[in-house]
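Source file: target.cif. Holds: mmCIF, N, CA and C atoms.
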data_data
#
loop_
_atom_site.label_atom_id
_atom_site.label_comp_id
_atom_site.auth_asym_id
_atom_site.auth_seq_id
_atom_site.Cartn_x
_atom_site.Cartn_y
_atom_site.Cartn_z
N MET A 1 0.83 -1.19 0.00
CA MET A 1 0.00 0.00 0.00
C MET A 1 0.87 1.25 0.00
N GLU A 2 0.58 2.16 -0.89
CA GLU A 2 1.34 3.39 -1.03
C GLU A 2 1.24 4.27 0.21
N GLU A 3 0.05 4.33 0.82
CA GLU A 3 -0.15 5.19 1.98
C GLU A 3 0.76 4.76 3.14
N LEU A 4 0.82 3.47 3.37
CA LEU A 4 1.63 2.98 4.49
C LEU A 4 3.12 3.22 4.23
N LYS A 5 3.54 3.12 2.99
CA LYS A 5 4.94 3.35 2.66
C LYS A 5 5.33 4.80 2.91
N ILE A 6 4.47 5.74 2.54
CA ILE A 6 4.79 7.15 2.75
C ILE A 6 4.81 7.48 4.24
N LEU A 7 3.95 6.86 5.00
CA LEU A 7 3.96 7.08 6.45
C LEU A 7 5.26 6.56 7.07
N GLN A 8 5.71 5.42 6.63
CA GLN A 8 6.95 4.85 7.16
C GLN A 8 8.15 5.71 6.77
N LYS A 9 8.17 6.19 5.53
CA LYS A 9 9.27 7.04 5.07
C LYS A 9 9.30 8.36 5.84
N THR A 10 8.12 8.90 6.13
CA THR A 10 8.05 10.14 6.90
C THR A 10 8.52 9.91 8.33
N TYR A 11 8.14 8.80 8.90
CA TYR A 11 8.58 8.45 10.26
C TYR A 11 10.10 8.30 10.31
N ASP A 12 10.66 7.62 9.32
CA ASP A 12 12.12 7.46 9.24
C ASP A 12 12.81 8.82 9.10
N MET A 13 12.22 9.71 8.29
CA MET A 13 12.80 11.03 8.11
C MET A 13 12.77 11.81 9.43
N LEU A 14 11.69 11.67 10.19
CA LEU A 14 11.59 12.33 11.49
C LEU A 14 12.69 11.86 12.44
N GLN A 15 12.95 10.58 12.45
CA GLN A 15 14.01 10.04 13.31
C GLN A 15 15.38 10.61 12.90
N TYR A 16 15.64 10.66 11.61
CA TYR A 16 16.92 11.18 11.14
C TYR A 16 17.02 12.68 11.39
N LEU A 17 15.91 13.38 11.24
CA LEU A 17 15.88 14.82 11.48
C LEU A 17 16.25 15.13 12.93
N TYR A 18 15.75 14.33 13.84
CA TYR A 18 16.10 14.54 15.25
C TYR A 18 17.61 14.42 15.47
N GLN A 19 18.23 13.42 14.84
CA GLN A 19 19.67 13.25 14.97
C GLN A 19 20.41 14.44 14.36
N ALA A 20 19.94 14.91 13.21
CA ALA A 20 20.60 16.02 12.52
C ALA A 20 20.50 17.31 13.33
N MET A 21 19.39 17.50 14.03
CA MET A 21 19.20 18.75 14.77
C MET A 21 19.88 18.73 16.14
N GLN A 22 20.45 17.63 16.53
CA GLN A 22 21.22 17.58 17.77
C GLN A 22 22.42 18.51 17.71
N GLN A 23 22.89 18.79 16.52
CA GLN A 23 24.07 19.63 16.34
C GLN A 23 23.74 21.11 16.23
N TYR A 24 22.46 21.46 16.25
CA TYR A 24 22.08 22.87 16.21
C TYR A 24 22.58 23.57 17.47
N PRO A 25 22.98 24.82 17.36
CA PRO A 25 23.41 25.56 18.55
C PRO A 25 22.27 25.68 19.57
N LYS A 26 22.64 25.82 20.81
CA LYS A 26 21.65 25.89 21.89
C LYS A 26 20.66 27.04 21.67
N ALA A 27 21.14 28.15 21.16
CA ALA A 27 20.27 29.30 20.93
C ALA A 27 19.19 29.02 19.89
N GLU A 28 19.46 28.10 18.98
CA GLU A 28 18.51 27.80 17.91
C GLU A 28 17.58 26.63 18.23
N LYS A 29 17.81 25.93 19.32
CA LYS A 29 16.99 24.78 19.66
C LYS A 29 15.53 25.16 19.90
N TYR A 30 15.30 26.41 20.30
CA TYR A 30 13.93 26.86 20.56
C TYR A 30 13.41 27.77 19.45
N ALA A 31 14.16 27.91 18.40
CA ALA A 31 13.73 28.76 17.29
C ALA A 31 13.62 27.91 16.02
N LEU A 32 14.68 27.85 15.25
CA LEU A 32 14.63 27.13 13.97
C LEU A 32 14.40 25.63 14.17
N ALA A 33 15.04 25.04 15.16
CA ALA A 33 14.86 23.61 15.41
C ALA A 33 13.42 23.31 15.80
N ALA A 34 12.84 24.14 16.63
CA ALA A 34 11.45 23.93 17.05
C ALA A 34 10.49 24.09 15.87
N ASP A 35 10.74 25.08 15.02
CA ASP A 35 9.89 25.26 13.84
C ASP A 35 10.02 24.09 12.87
N THR A 36 11.24 23.58 12.70
CA THR A 36 11.46 22.45 11.81
C THR A 36 10.76 21.20 12.34
N LYS A 37 10.88 20.96 13.63
CA LYS A 37 10.19 19.81 14.23
C LYS A 37 8.68 19.95 14.09
N ALA A 38 8.17 21.14 14.33
CA ALA A 38 6.73 21.37 14.23
C ALA A 38 6.23 21.12 12.80
N ALA A 39 7.01 21.55 11.81
CA ALA A 39 6.64 21.32 10.41
C ALA A 39 6.65 19.83 10.08
N ALA A 40 7.61 19.10 10.61
CA ALA A 40 7.69 17.67 10.36
C ALA A 40 6.53 16.94 11.04
N TYR A 41 6.19 17.34 12.26
CA TYR A 41 5.05 16.73 12.95
C TYR A 41 3.75 17.01 12.20
N GLU A 42 3.61 18.23 11.71
CA GLU A 42 2.39 18.59 10.97
C GLU A 42 2.29 17.78 9.68
N LEU A 43 3.41 17.56 9.01
CA LEU A 43 3.40 16.73 7.81
C LEU A 43 2.93 15.32 8.15
N LEU A 44 3.47 14.74 9.19
CA LEU A 44 3.05 13.39 9.59
C LEU A 44 1.57 13.37 9.95
N ARG A 45 1.10 14.39 10.68
CA ARG A 45 -0.30 14.46 11.06
C ARG A 45 -1.21 14.54 9.83
N LEU A 46 -0.81 15.35 8.84
CA LEU A 46 -1.61 15.48 7.63
C LEU A 46 -1.64 14.19 6.83
N LEU A 47 -0.53 13.47 6.78
CA LEU A 47 -0.49 12.21 6.04
C LEU A 47 -1.37 11.15 6.71
N VAL A 48 -1.33 11.10 8.03
CA VAL A 48 -2.19 10.15 8.75
C VAL A 48 -3.66 10.52 8.54
N THR A 49 -3.96 11.80 8.59
CA THR A 49 -5.33 12.27 8.38
C THR A 49 -5.81 11.93 6.97
N ALA A 50 -4.97 12.17 5.97
CA ALA A 50 -5.34 11.87 4.58
C ALA A 50 -5.58 10.38 4.40
N ASN A 51 -4.79 9.57 5.08
CA ASN A 51 -4.94 8.12 4.98
C ASN A 51 -6.29 7.66 5.51
N LYS A 52 -6.81 8.37 6.50
CA LYS A 52 -8.06 7.96 7.15
C LYS A 52 -9.31 8.58 6.52
N ARG A 53 -9.17 9.67 5.82
CA ARG A 53 -10.32 10.37 5.26
C ARG A 53 -10.82 9.74 3.97
N TYR A 54 -12.12 9.94 3.74
CA TYR A 54 -12.70 9.49 2.48
C TYR A 54 -12.35 10.47 1.37
N HIS A 55 -12.51 11.78 1.63
CA HIS A 55 -12.13 12.82 0.69
C HIS A 55 -10.73 13.30 1.07
N LYS A 56 -9.75 12.87 0.31
CA LYS A 56 -8.35 13.05 0.68
C LYS A 56 -7.67 14.25 0.02
N LYS A 57 -8.22 14.74 -1.07
CA LYS A 57 -7.50 15.68 -1.92
C LYS A 57 -7.02 16.93 -1.19
N THR A 58 -7.89 17.59 -0.46
CA THR A 58 -7.52 18.82 0.23
C THR A 58 -6.44 18.57 1.28
N THR A 59 -6.59 17.51 2.03
CA THR A 59 -5.60 17.18 3.05
C THR A 59 -4.26 16.85 2.41
N MET A 60 -4.29 16.16 1.29
CA MET A 60 -3.04 15.83 0.60
C MET A 60 -2.37 17.09 0.04
N GLN A 61 -3.16 18.05 -0.43
CA GLN A 61 -2.59 19.31 -0.90
C GLN A 61 -1.94 20.06 0.27
N ASP A 62 -2.60 20.04 1.43
CA ASP A 62 -2.01 20.65 2.62
C ASP A 62 -0.70 19.96 3.01
N ALA A 63 -0.66 18.64 2.88
CA ALA A 63 0.56 17.89 3.19
C ALA A 63 1.68 18.26 2.21
N ASP A 64 1.33 18.48 0.96
CA ASP A 64 2.32 18.88 -0.04
C ASP A 64 2.90 20.26 0.30
N ILE A 65 2.05 21.16 0.73
CA ILE A 65 2.51 22.49 1.14
C ILE A 65 3.41 22.38 2.36
N GLN A 66 3.01 21.54 3.33
CA GLN A 66 3.80 21.37 4.55
C GLN A 66 5.16 20.75 4.24
N LEU A 67 5.20 19.84 3.29
CA LEU A 67 6.47 19.24 2.88
C LEU A 67 7.39 20.30 2.29
N ASP A 68 6.84 21.21 1.51
CA ASP A 68 7.65 22.29 0.93
C ASP A 68 8.19 23.22 2.02
N ILE A 69 7.36 23.52 3.00
CA ILE A 69 7.81 24.35 4.13
C ILE A 69 8.96 23.65 4.86
N LEU A 70 8.79 22.35 5.10
CA LEU A 70 9.83 21.57 5.78
C LEU A 70 11.14 21.59 4.99
N ARG A 71 11.05 21.45 3.68
CA ARG A 71 12.25 21.50 2.84
C ARG A 71 12.99 22.83 3.01
N HIS A 72 12.23 23.91 3.03
CA HIS A 72 12.85 25.22 3.16
C HIS A 72 13.49 25.42 4.53
N LEU A 73 12.86 24.91 5.57
CA LEU A 73 13.44 25.03 6.92
C LEU A 73 14.72 24.21 7.04
N ILE A 74 14.73 23.03 6.45
CA ILE A 74 15.95 22.20 6.47
C ILE A 74 17.07 22.90 5.70
N ARG A 75 16.71 23.47 4.54
CA ARG A 75 17.70 24.18 3.74
C ARG A 75 18.25 25.39 4.49
N LEU A 76 17.38 26.09 5.20
CA LEU A 76 17.82 27.24 5.98
C LEU A 76 18.82 26.82 7.06
N GLY A 77 18.55 25.69 7.71
CA GLY A 77 19.49 25.18 8.71
C GLY A 77 20.85 24.88 8.11
N LYS A 78 20.85 24.34 6.90
CA LYS A 78 22.11 24.05 6.21
C LYS A 78 22.81 25.34 5.81
N ASP A 79 22.06 26.29 5.26
CA ASP A 79 22.65 27.55 4.80
C ASP A 79 23.21 28.39 5.95
N LEU A 80 22.63 28.26 7.13
CA LEU A 80 23.13 28.99 8.30
C LEU A 80 24.28 28.26 8.99
N GLY A 81 24.68 27.11 8.45
CA GLY A 81 25.82 26.38 8.97
C GLY A 81 25.52 25.55 10.20
N MET A 82 24.26 25.27 10.45
CA MET A 82 23.88 24.47 11.63
C MET A 82 23.83 22.98 11.35
N MET A 83 23.81 22.63 10.07
CA MET A 83 23.70 21.23 9.69
C MET A 83 24.81 20.89 8.70
N PRO A 84 25.53 19.80 8.94
CA PRO A 84 26.56 19.39 7.98
C PRO A 84 25.95 19.05 6.62
N ILE A 85 26.70 19.27 5.57
CA ILE A 85 26.21 19.07 4.21
C ILE A 85 25.76 17.62 3.98
N LYS A 86 26.46 16.67 4.58
CA LYS A 86 26.10 15.26 4.41
C LYS A 86 24.71 14.97 4.97
N ARG A 87 24.43 15.48 6.16
CA ARG A 87 23.09 15.29 6.75
C ARG A 87 22.02 15.98 5.90
N PHE A 88 22.37 17.16 5.38
CA PHE A 88 21.42 17.87 4.51
C PHE A 88 21.11 17.04 3.27
N GLU A 89 22.14 16.46 2.68
CA GLU A 89 21.94 15.65 1.48
C GLU A 89 21.03 14.46 1.76
N VAL A 90 21.23 13.80 2.89
CA VAL A 90 20.39 12.65 3.25
C VAL A 90 18.94 13.11 3.47
N LEU A 91 18.76 14.20 4.23
CA LEU A 91 17.41 14.71 4.47
C LEU A 91 16.75 15.19 3.19
N SER A 92 17.53 15.80 2.32
CA SER A 92 17.00 16.27 1.05
C SER A 92 16.51 15.08 0.20
N GLY A 93 17.27 14.01 0.20
CA GLY A 93 16.85 12.80 -0.51
C GLY A 93 15.58 12.20 0.09
N MET A 94 15.50 12.22 1.41
CA MET A 94 14.30 11.69 2.07
C MET A 94 13.06 12.52 1.73
N THR A 95 13.20 13.85 1.78
CA THR A 95 12.05 14.70 1.47
C THR A 95 11.65 14.58 -0.01
N THR A 96 12.63 14.40 -0.88
CA THR A 96 12.34 14.20 -2.30
C THR A 96 11.57 12.91 -2.51
N GLU A 97 11.98 11.85 -1.83
CA GLU A 97 11.28 10.57 -1.95
C GLU A 97 9.85 10.67 -1.41
N ILE A 98 9.69 11.35 -0.29
CA ILE A 98 8.35 11.55 0.27
C ILE A 98 7.50 12.36 -0.71
N GLY A 99 8.10 13.37 -1.33
CA GLY A 99 7.39 14.16 -2.33
C GLY A 99 6.94 13.34 -3.52
N ARG A 100 7.80 12.43 -3.98
CA ARG A 100 7.42 11.54 -5.08
C ARG A 100 6.27 10.63 -4.69
N LEU A 101 6.37 10.06 -3.50
CA LEU A 101 5.30 9.18 -3.04
C LEU A 101 3.98 9.95 -2.89
N LEU A 102 4.06 11.15 -2.36
CA LEU A 102 2.86 11.97 -2.19
C LEU A 102 2.27 12.36 -3.54
N GLY A 103 3.13 12.73 -4.48
CA GLY A 103 2.66 13.05 -5.84
C GLY A 103 1.98 11.87 -6.51
N GLY A 104 2.56 10.69 -6.36
CA GLY A 104 1.94 9.49 -6.92
C GLY A 104 0.61 9.18 -6.28
N TRP A 105 0.54 9.37 -4.98
CA TRP A 105 -0.69 9.14 -4.23
C TRP A 105 -1.76 10.12 -4.68
N MET A 106 -1.36 11.38 -4.89
CA MET A 106 -2.32 12.41 -5.31
C MET A 106 -2.85 12.11 -6.73
N LYS A 107 -2.02 11.55 -7.57
CA LYS A 107 -2.46 11.22 -8.94
C LYS A 107 -3.49 10.10 -8.94
N THR A 108 -3.40 9.21 -7.96
CA THR A 108 -4.36 8.11 -7.92
C THR A 108 -5.73 8.54 -7.40
N ILE A 109 -5.79 9.69 -6.76
CA ILE A 109 -7.06 10.18 -6.18
C ILE A 109 -7.90 10.86 -7.25
#
Now that the file is in, can you turn its structure into structure tokens?
Amino acid sequence: MEELKILQKTYDMLQYLYQAMQQYPKAEKYALAADTKAAAYELLRLLVTANKRYHKKTTMQDADIQLDILRHLIRLGKDLGMMPIKRFEVLSGMTTEIGRLLGGWMKTI
């Protein structure tokens, strides 16, 4: 099932994101790190909601927007030097894969 696969990939990305944000400076743990975590949680919440709803399209569009916000927050962390390039590359690949899965799921609806 495509829905279950995207949920698992998002969960895996959340786990890796937590490890990557351990290196954020203490001053940013309550700013950029908190916003990034909140965006990731919201993405997971929207995907679970879309999986359970009969009319999924609007929720899936919201999830797509949330994924884009998350991508930008991760990129900002990398550009500000808070995240090593290797971790950024891994997270970027994960978000790209989630985006592909979400796009495929949206096409089937």
Between atom CA of A:Ala33 and atom CA of A:Met21, what is the distance, to one decimal in Å?
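Atom-to-atom, atom CA of A:Ala33 to atom CA of A:Met21, that is 6.5 Å.
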Polymer residues at most 10 Å from A:Tyr16, only C-alpha atoms, same-chain spacing of 3 or more positions, as a PDB file with N, CA and C atoms, keeping the file's coordinate frame:
ATOM      1  N   THR A  10       8.120   8.900   6.130  1.00  0.00           N
ATOM      2  CA  THR A  10       8.050  10.140   6.900  1.00  0.00           C
ATOM      3  C   THR A  10       8.520   9.910   8.330  1.00  0.00           C
ATOM      4  N   TYR A  11       8.140   8.800   8.900  1.00  0.00           N
ATOM      5  CA  TYR A  11       8.580   8.450  10.260  1.00  0.00           C
ATOM      6  C   TYR A  11      10.100   8.300  10.310  1.00  0.00           C
ATOM      7  N   ASP A  12      10.660   7.620   9.320  1.00  0.00           N
ATOM      8  CA  ASP A  12      12.120   7.460   9.240  1.00  0.00           C
ATOM      9  C   ASP A  12      12.810   8.820   9.100  1.00  0.00           C
ATOM     10  N   MET A  13      12.220   9.710   8.290  1.00  0.00           N
ATOM     11  CA  MET A  13      12.800  11.030   8.110  1.00  0.00           C
ATOM     12  C   MET A  13      12.770  11.810   9.430  1.00  0.00           C
ATOM     13  N   GLN A  19      18.230  13.420  14.840  1.00  0.00           N
ATOM     14  CA  GLN A  19      19.670  13.250  14.970  1.00  0.00           C
ATOM     15  C   GLN A  19      20.410  14.440  14.360  1.00  0.00           C
ATOM     16  N   ALA A  20      19.940  14.910  13.210  1.00  0.00           N
ATOM     17  CA  ALA A  20      20.600  16.020  12.520  1.00  0.00           C
ATOM     18  C   ALA A  20      20.500  17.310  13.330  1.00  0.00           C
ATOM     19  N   MET A  21      19.390  17.500  14.030  1.00  0.00           N
ATOM     20  CA  MET A  21      19.200  18.750  14.770  1.00  0.00           C
ATOM     21  C   MET A  21      19.880  18.730  16.140  1.00  0.00           C
ATOM     22  N   ARG A  87      24.430  15.480   6.160  1.00  0.00           N
ATOM     23  CA  ARG A  87      23.090  15.290   6.750  1.00  0.00           C
ATOM     24  C   ARG A  87      22.020  15.980   5.900  1.00  0.00           C
ATOM     25  N   VAL A  90      21.230  13.800   2.890  1.00  0.00           N
ATOM     26  CA  VAL A  90      20.390  12.650   3.250  1.00  0.00           C
ATOM     27  C   VAL A  90      18.940  13.110   3.470  1.00  0.00           C
ATOM     28  N   LEU A  91      18.760  14.200   4.230  1.00  0.00           N
ATOM     29  CA  LEU A  91      17.410  14.710   4.470  1.00  0.00           C
ATOM     30  C   LEU A  91      16.750  15.190   3.190  1.00  0.00           C
ATOM     31  N   MET A  94      15.500  12.220   1.410  1.00  0.00           N
ATOM     32  CA  MET A  94      14.300  11.690   2.070  1.00  0.00           C
ATOM     33  C   MET A  94      13.060  12.520   1.730  1.00  0.00           C
TER      34      MET A  94
END
Write down as a PyMOL selection string the residues of stretch 53-93 of chain A whose backbone DSSP state falls under helix (DSSP H, G or I).
chain A and resi 57-79+85-93
Which of these residues is nearest to A:Met83, using only C-alpha atoms: A:Leu32, A:Leu43, A:Ala38, A:Met106?
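Nearest to A:Met83: A:Leu32.
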Between atom N of A:Leu47 and atom CA of A:Ala63 - distance in Å to one decimal:
5.8 Å
Please enumerate the residues selected by the PyMOL selection byres (((chain A and resi 34 and name CA) around 12) and name CA) when evaluated against the supplied file, formatted as number ranges by chain.
A: 17-18, 21-22, 24, 26-33, 35-41, 70, 73-74, 77
What gap, in Å, lies between atom CA of A:Met60 and atom CA of A:Leu14?
18.6 Å
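Nearest to A:Lys107 of all the residues A:Gln23, A:Asn51, A:Gln15, A:Gln61 is A:Gln61, counting only C-alpha atoms.
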